[in-house]
Amino acid sequence: KAAKEISQIANIETAPGRQDQIYDKKIDDVARQVSALSEKVNMIADMFWEERASARNNLIIPPEFAGIYKDAKNSGMKEEHLEQIMKITAENMSPQMKANPTAVRRYFSSLLRKMLPCRSEEDNRKQKIMMLVGPTGVGKTTTLAKLAARFAYGEGRRAKTGIITLDTYRIGAVEQLFQYAKMMKLPILDVIDFKNALKQLNHCEVILIDTTGSSQYDKEKLARLEMFLKHSDAQIDVNLVLSAGSKIDDMLEIYNGFSFLDIDTLIITKFDETKIFGNVFSLVYEINKPVSFFCLGQEVPDDIMVAKSEFLVDCLLQGFNKDKK
């Protein structure tokens with residue numbers, strides 16, 4: 001039907017002597033109608049993308065919602081979360097907005113942003129102590145170096161920053177961190193007596209603590225971390241570091257394994273190593289823990305940013321673009 005309409009619209013006779021103004025007007029009319037038909041064809045294509053209602057638990061997807069539904073599902077977001085948000089979107093939008101795919105996408109994006117808790121850097125405490133924990137390979141040491149540079153030499157107020165490493169297992173990682181600290185002229189301690197190390201860096205406004213990468217199943221290493229926290233006599237923010245490229249089920253399992261440490265915030269790394277971000281949204285949405293930082297690449301100190309919900313939603317629906325940070 002769309003093809004027939006396009007044929008009828010495009011069949012314009014250009015008889016000799018017809019005024020240019022009339023001709024231009026008809027061309028404009030054709031362009032507008034072809035554009036409208038193109039939008040309808042795109043909606044039809046999106047509707048047929050997944051036509052089995054059973055796969056959506058009988059959730060009715062209006063034609064205007066099909067495009068955003070397809071993009072969100074392709075992002076790796078959990079099906080149950082996507083259905084909840086689609087339902088909320090459909091129930092709360094006005095009929096006029098529902099008929100406009102652009103308005104639907106804008107509303108859906110706004111809703112996603114409001115569902116993502118992010119924590120700003122503002123902190124009125126005299127001293128800020130951050131411990132980075134998480135599994136091996138997520139980039140804790142590199143992230144800590146980026147944070148150290150940000151706090152010590154970033155824009156705005158610069159803070160006296162010190163580093164403690166509890167990672168006595170990976171010699172290469174410890175040497176790398178010491179090299180970073182030397183380049184930035186920051187004090188760093190490789191310690192066994194954690195409580196004493198905190199006292200030695202008491203003059204610092206920010207203390208960053210690197211830890212050994214631990215599997216969520218390694219109870220011995222996790223118990224050691226818990227012991228450090230309990231006997232520190234200090235208020236320490238525990239930041240769970242996770243890779244954006246991990247599967248949502250793995251991320252949830254890692255969080256559950258570390259959750260007894262009373263996680264304060266999440267730091268999500270390796271944005272440059274994946275193309276889907278719905279898993280990150282589903283993780284934050286399900287556990288309701290704020291995100292504090294995103295790591296966008298391997299460059300120290302540049303590839304880190306304070307977490308912003310609009311940036312993650314743009315990554316989720318449009319793909320990763322470092323320049324938009």
# chains A, B, ... in the order shown; residues from 1 in each chain; ligands from 1

call {"tool": "residues_around", "arguments": {"residues": "Arg105 of chain A", "least_positions_apart": "4", "cutoff": "8 Å", "atoms": "only C-alpha atoms", "output": "PDB file with N, CA and C atoms, in the first residue's frame"}}
result
ATOM      1  N   PHE A  65       5.815   3.002  19.411  1.00  0.00           N
ATOM      2  CA  PHE A  65       6.752   2.595  20.453  1.00  0.00           C
ATOM      3  C   PHE A  65       7.749   1.546  19.954  1.00  0.00           C
ATOM      4  N   ILE A  68      11.755   2.468  19.695  1.00  0.00           N
ATOM      5  CA  ILE A  68      12.475   2.607  20.955  1.00  0.00           C
ATOM      6  C   ILE A  68      12.526   1.273  21.695  1.00  0.00           C
ATOM      7  N   PRO A 101       6.389   9.236  17.332  1.00  0.00           N
ATOM      8  CA  PRO A 101       7.542   8.409  17.714  1.00  0.00           C
ATOM      9  C   PRO A 101       8.682   9.209  18.346  1.00  0.00           C
ATOM     10  N   SER A 109      13.515   8.208  27.098  1.00  0.00           N
ATOM     11  CA  SER A 109      14.876   8.554  27.505  1.00  0.00           C
ATOM     12  C   SER A 109      14.877   9.315  28.821  1.00  0.00           C
TER      13      SER A 109
END

call {"tool": "select_by_dssp", "arguments": {"residues": "segment 92-195 of chain A", "states": "helix (DSSP H, G or I)", "output": "PyMOL selection string"}}
result
chain A and resi 92+95-98+101-114+140-153+171-184+194-195

call {"tool": "closest_residue", "arguments": {"among": "A:Gly156, A:Pro117, A:Gly319, A:Gly297", "to": "Ser243 of chain A", "atoms": "only C-alpha atoms"}}
result
A:Gly297

call {"tool": "select_by_dssp", "arguments": {"residues": "segment 128-166 of chain A", "states": "strand (DSSP E or B)", "output": "CSV table (one decimal) with C-alpha atoms, in the first residue's frame"}}
result
chain,number,residue,atom,x,y,z
A,128,LYS,CA,37.6,11.4,51.9
A,129,ILE,CA,38.7,7.8,51.9
A,130,MET,CA,37.8,5.6,48.9
A,131,MET,CA,38.5,1.9,48.7
A,132,LEU,CA,38.2,0.3,45.3
A,133,VAL,CA,37.2,-3.4,45.3
A,161,THR,CA,46.0,13.1,47.9
A,162,GLY,CA,47.6,9.9,49.2
A,163,ILE,CA,47.5,6.3,48.0
A,164,ILE,CA,47.6,3.0,49.9
A,165,THR,CA,47.9,-0.4,48.1

call {"tool": "residues_around", "arguments": {"residues": "Val306 of chain A", "least_positions_apart": "6", "cutoff": "8 Å", "atoms": "only C-alpha atoms", "output": "PyMOL selection string"}}
result
chain A and resi 120-121+292-294

call {"tool": "residues_around", "arguments": {"residues": "Val104 of chain A", "least_positions_apart": "2", "cutoff": "9 Å", "atoms": "only C-alpha atoms", "output": "PyMOL selection string"}}
result
chain A and resi 64-65+68+89-90+93+97-102+106-109

call {"tool": "write_last_selection", "arguments": {"atoms": "N, CA and C atoms", "output": "JSON list (two decimals), in the first residue's frame"}}
result
[["chain", "number", "residue", "atom", "x", "y", "z"],
["A", 64, "GLU", "N", 4.08, 3.29, 17.32],
["A", 64, "GLU", "CA", 4.98, 4.41, 17.58],
["A", 64, "GLU", "C", 6.05, 4.08, 18.63],
["A", 65, "PHE", "N", 5.82, 3.00, 19.41],
["A", 65, "PHE", "CA", 6.75, 2.60, 20.45],
["A", 65, "PHE", "C", 7.75, 1.55, 19.95],
["A", 68, "ILE", "N", 11.76, 2.47, 19.70],
["A", 68, "ILE", "CA", 12.48, 2.61, 20.96],
["A", 68, "ILE", "C", 12.53, 1.27, 21.69],
["A", 89, "THR", "N", 5.73, 4.05, 30.47],
["A", 89, "THR", "CA", 5.71, 5.04, 29.40],
["A", 89, "THR", "C", 4.34, 5.11, 28.74],
["A", 90, "ALA", "N", 3.80, 3.94, 28.41],
["A", 90, "ALA", "CA", 2.50, 3.89, 27.73],
["A", 90, "ALA", "C", 1.37, 4.41, 28.61],
["A", 93, "MET", "N", 1.89, 8.67, 29.20],
["A", 93, "MET", "CA", 1.95, 9.63, 28.11],
["A", 93, "MET", "C", 0.55, 10.03, 27.66],
["A", 97, "MET", "N", 0.96, 12.66, 22.53],
["A", 97, "MET", "CA", 2.39, 12.32, 22.52],
["A", 97, "MET", "C", 2.61, 10.89, 22.05],
["A", 98, "LYS", "N", 1.69, 9.98, 22.41],
["A", 98, "LYS", "CA", 1.84, 8.58, 22.01],
["A", 98, "LYS", "C", 1.87, 8.41, 20.50],
["A", 99, "ALA", "N", 1.23, 9.32, 19.77],
["A", 99, "ALA", "CA", 1.14, 9.21, 18.31],
["A", 99, "ALA", "C", 2.38, 9.73, 17.61],
["A", 100, "ASN", "N", 3.35, 10.23, 18.39],
["A", 100, "ASN", "CA", 4.55, 10.82, 17.81],
["A", 100, "ASN", "C", 5.77, 10.01, 18.26],
["A", 101, "PRO", "N", 6.39, 9.24, 17.33],
["A", 101, "PRO", "CA", 7.54, 8.41, 17.71],
["A", 101, "PRO", "C", 8.68, 9.21, 18.35],
["A", 102, "THR", "N", 8.89, 10.45, 17.89],
["A", 102, "THR", "CA", 9.95, 11.28, 18.45],
["A", 102, "THR", "C", 9.64, 11.64, 19.90],
["A", 106, "ARG", "N", 11.72, 10.60, 23.31],
["A", 106, "ARG", "CA", 12.16, 11.63, 24.26],
["A", 106, "ARG", "C", 11.66, 11.31, 25.67],
["A", 107, "TYR", "N", 10.40, 10.91, 25.78],
["A", 107, "TYR", "CA", 9.82, 10.59, 27.08],
["A", 107, "TYR", "C", 10.50, 9.37, 27.69],
["A", 108, "PHE", "N", 10.71, 8.34, 26.87],
["A", 108, "PHE", "CA", 11.34, 7.10, 27.32],
["A", 108, "PHE", "C", 12.75, 7.39, 27.84],
["A", 109, "SER", "N", 13.52, 8.21, 27.10],
["A", 109, "SER", "CA", 14.88, 8.55, 27.51],
["A", 109, "SER", "C", 14.88, 9.32, 28.82]]

call {"tool": "residues_around", "arguments": {"residues": "segment 299-304 of chain A", "least_positions_apart": "3", "cutoff": "12 Å", "atoms": "only C-alpha atoms", "output": "NGL selection string"}}
result
:A and (139 or 141-154 or 176-177 or 180-181 or 183-184 or 267-272 or 292-296 or 307-308 or 322-323 or 325)

call {"tool": "write_last_selection", "arguments": {"atoms": "N, CA, C and O atoms", "output": "compact mmCIF listing (two decimals), in the first residue's frame"}}
result
# COMPACT_ATOMS: atom_id res chain seq x y z
N GLY A 139 40.09 -3.22 35.99
CA GLY A 139 40.79 -1.94 35.87
C GLY A 139 40.84 -1.12 37.13
O GLY A 139 40.87 0.11 37.06
N THR A 141 43.33 -0.68 39.39
CA THR A 141 44.56 0.08 39.57
C THR A 141 44.62 1.28 38.63
O THR A 141 44.98 2.39 39.03
N THR A 142 44.27 1.07 37.37
CA THR A 142 44.25 2.18 36.41
C THR A 142 43.22 3.22 36.81
O THR A 142 43.47 4.43 36.72
N THR A 143 42.06 2.78 37.28
CA THR A 143 41.02 3.70 37.73
C THR A 143 41.50 4.52 38.91
O THR A 143 41.26 5.74 39.00
N LEU A 144 42.20 3.87 39.85
CA LEU A 144 42.72 4.58 41.01
C LEU A 144 43.71 5.67 40.58
O LEU A 144 43.70 6.78 41.12
N ALA A 145 44.56 5.36 39.61
CA ALA A 145 45.52 6.35 39.11
C ALA A 145 44.78 7.55 38.49
O ALA A 145 45.19 8.71 38.68
N LYS A 146 43.71 7.28 37.76
CA LYS A 146 42.92 8.37 37.16
C LYS A 146 42.28 9.24 38.25
O LYS A 146 42.26 10.47 38.15
N LEU A 147 41.75 8.59 39.28
CA LEU A 147 41.13 9.33 40.38
C LEU A 147 42.17 10.17 41.11
O LEU A 147 41.89 11.32 41.48
N ALA A 148 43.35 9.60 41.33
CA ALA A 148 44.41 10.34 42.02
C ALA A 148 44.76 11.62 41.26
O ALA A 148 44.89 12.70 41.85
N ALA A 149 44.89 11.50 39.95
CA ALA A 149 45.21 12.68 39.13
C ALA A 149 44.06 13.68 39.16
O ALA A 149 44.29 14.90 39.20
N ARG A 150 42.84 13.18 39.15
CA ARG A 150 41.68 14.07 39.15
C ARG A 150 41.60 14.87 40.45
O ARG A 150 41.37 16.08 40.43
N PHE A 151 41.78 14.19 41.57
CA PHE A 151 41.68 14.88 42.86
C PHE A 151 42.88 15.80 43.10
O PHE A 151 42.73 16.90 43.64
N ALA A 152 44.07 15.36 42.72
CA ALA A 152 45.28 16.12 43.03
C ALA A 152 45.55 17.26 42.05
O ALA A 152 46.08 18.31 42.44
N TYR A 153 45.17 17.07 40.76
CA TYR A 153 45.55 18.05 39.74
C TYR A 153 44.40 18.46 38.83
O TYR A 153 44.62 19.15 37.84
N GLY A 154 43.18 18.06 39.15
CA GLY A 154 42.04 18.37 38.29
C GLY A 154 41.63 19.83 38.38
O GLY A 154 42.17 20.63 39.14
N GLN A 176 53.41 -0.66 38.87
CA GLN A 176 52.75 0.32 38.00
C GLN A 176 52.15 1.45 38.82
O GLN A 176 52.30 2.63 38.47
N LEU A 177 51.50 1.10 39.93
CA LEU A 177 50.88 2.12 40.77
C LEU A 177 51.93 3.01 41.41
O LEU A 177 51.75 4.24 41.51
N TYR A 180 53.02 5.49 38.81
CA TYR A 180 52.03 6.56 38.66
C TYR A 180 52.18 7.57 39.80
O TYR A 180 52.16 8.79 39.58
N ALA A 181 52.30 7.07 41.03
CA ALA A 181 52.41 7.95 42.20
C ALA A 181 53.68 8.81 42.10
O ALA A 181 53.66 10.00 42.44
N MET A 183 55.24 9.78 39.34
CA MET A 183 55.04 10.78 38.29
C MET A 183 54.17 11.94 38.79
O MET A 183 54.39 13.09 38.42
N MET A 184 53.18 11.62 39.63
CA MET A 184 52.27 12.65 40.14
C MET A 184 52.75 13.26 41.45
O MET A 184 52.09 14.13 42.01
N ILE A 267 31.66 2.00 40.27
CA ILE A 267 32.46 2.64 39.24
C ILE A 267 32.46 1.71 38.04
O ILE A 267 32.84 0.54 38.16
N ILE A 268 32.00 2.20 36.90
CA ILE A 268 31.89 1.36 35.71
C ILE A 268 33.02 1.70 34.75
O ILE A 268 33.20 2.87 34.36
N THR A 269 33.80 0.68 34.36
CA THR A 269 34.97 0.89 33.52
C THR A 269 34.78 0.31 32.12
O THR A 269 33.78 -0.35 31.83
N LYS A 270 35.75 0.57 31.25
CA LYS A 270 35.88 -0.05 29.93
C LYS A 270 34.69 0.21 29.03
O LYS A 270 34.21 -0.69 28.32
N PHE A 271 34.22 1.45 29.02
CA PHE A 271 33.15 1.84 28.10
C PHE A 271 33.58 1.63 26.65
O PHE A 271 32.74 1.40 25.78
N ASP A 272 34.87 1.76 26.40
CA ASP A 272 35.38 1.65 25.03
C ASP A 272 35.47 0.22 24.53
O ASP A 272 35.79 0.00 23.36
N SER A 292 29.28 6.45 40.68
CA SER A 292 30.06 7.67 40.94
C SER A 292 30.94 8.08 39.76
O SER A 292 31.07 9.27 39.47
N PHE A 293 31.52 7.10 39.05
CA PHE A 293 32.41 7.44 37.94
C PHE A 293 32.25 6.44 36.79
O PHE A 293 31.93 5.27 37.00
N PHE A 294 32.50 6.94 35.57
CA PHE A 294 32.60 6.11 34.37
C PHE A 294 34.04 6.23 33.86
O PHE A 294 34.58 7.33 33.77
N CYS A 295 34.64 5.09 33.51
CA CYS A 295 35.96 5.10 32.87
C CYS A 295 35.78 4.77 31.40
O CYS A 295 35.23 3.72 31.05
N LEU A 296 36.24 5.67 30.53
CA LEU A 296 35.89 5.61 29.11
C LEU A 296 36.98 4.98 28.25
O LEU A 296 36.77 4.74 27.07
N ALA A 307 29.98 10.26 36.89
CA ALA A 307 28.84 9.56 36.29
C ALA A 307 27.66 10.51 36.09
O ALA A 307 27.29 11.26 37.00
N LYS A 308 27.09 10.47 34.88
CA LYS A 308 25.90 11.25 34.55
C LYS A 308 24.89 10.33 33.90
O LYS A 308 25.22 9.59 32.97
N LYS A 322 32.71 9.01 23.19
CA LYS A 322 33.52 9.65 24.24
C LYS A 322 33.42 11.17 24.21
O LYS A 322 33.48 11.84 25.24
N ASP A 323 33.24 11.74 23.00
CA ASP A 323 33.21 13.20 22.87
C ASP A 323 32.01 13.84 23.55
O ASP A 323 32.01 15.04 23.81
N LYS A 325 31.00 13.33 26.55
CA LYS A 325 31.12 13.37 28.01
C LYS A 325 31.09 14.80 28.55
O LYS A 325 30.70 15.03 29.67

call {"tool": "closest_residue", "arguments": {"among": "A:Arg125, A:His231, A:Arg158, A:Lys140", "to": "Val174 of chain A", "atoms": "only C-alpha atoms"}}
result
A:Lys140

call {"tool": "residues_around", "arguments": {"residues": "Lys275 of chain A", "least_positions_apart": "5", "cutoff": "10 Å", "atoms": "only C-alpha atoms", "output": "PyMOL selection string"}}
result
chain A and resi 75-76+244-245+315-316+318-320
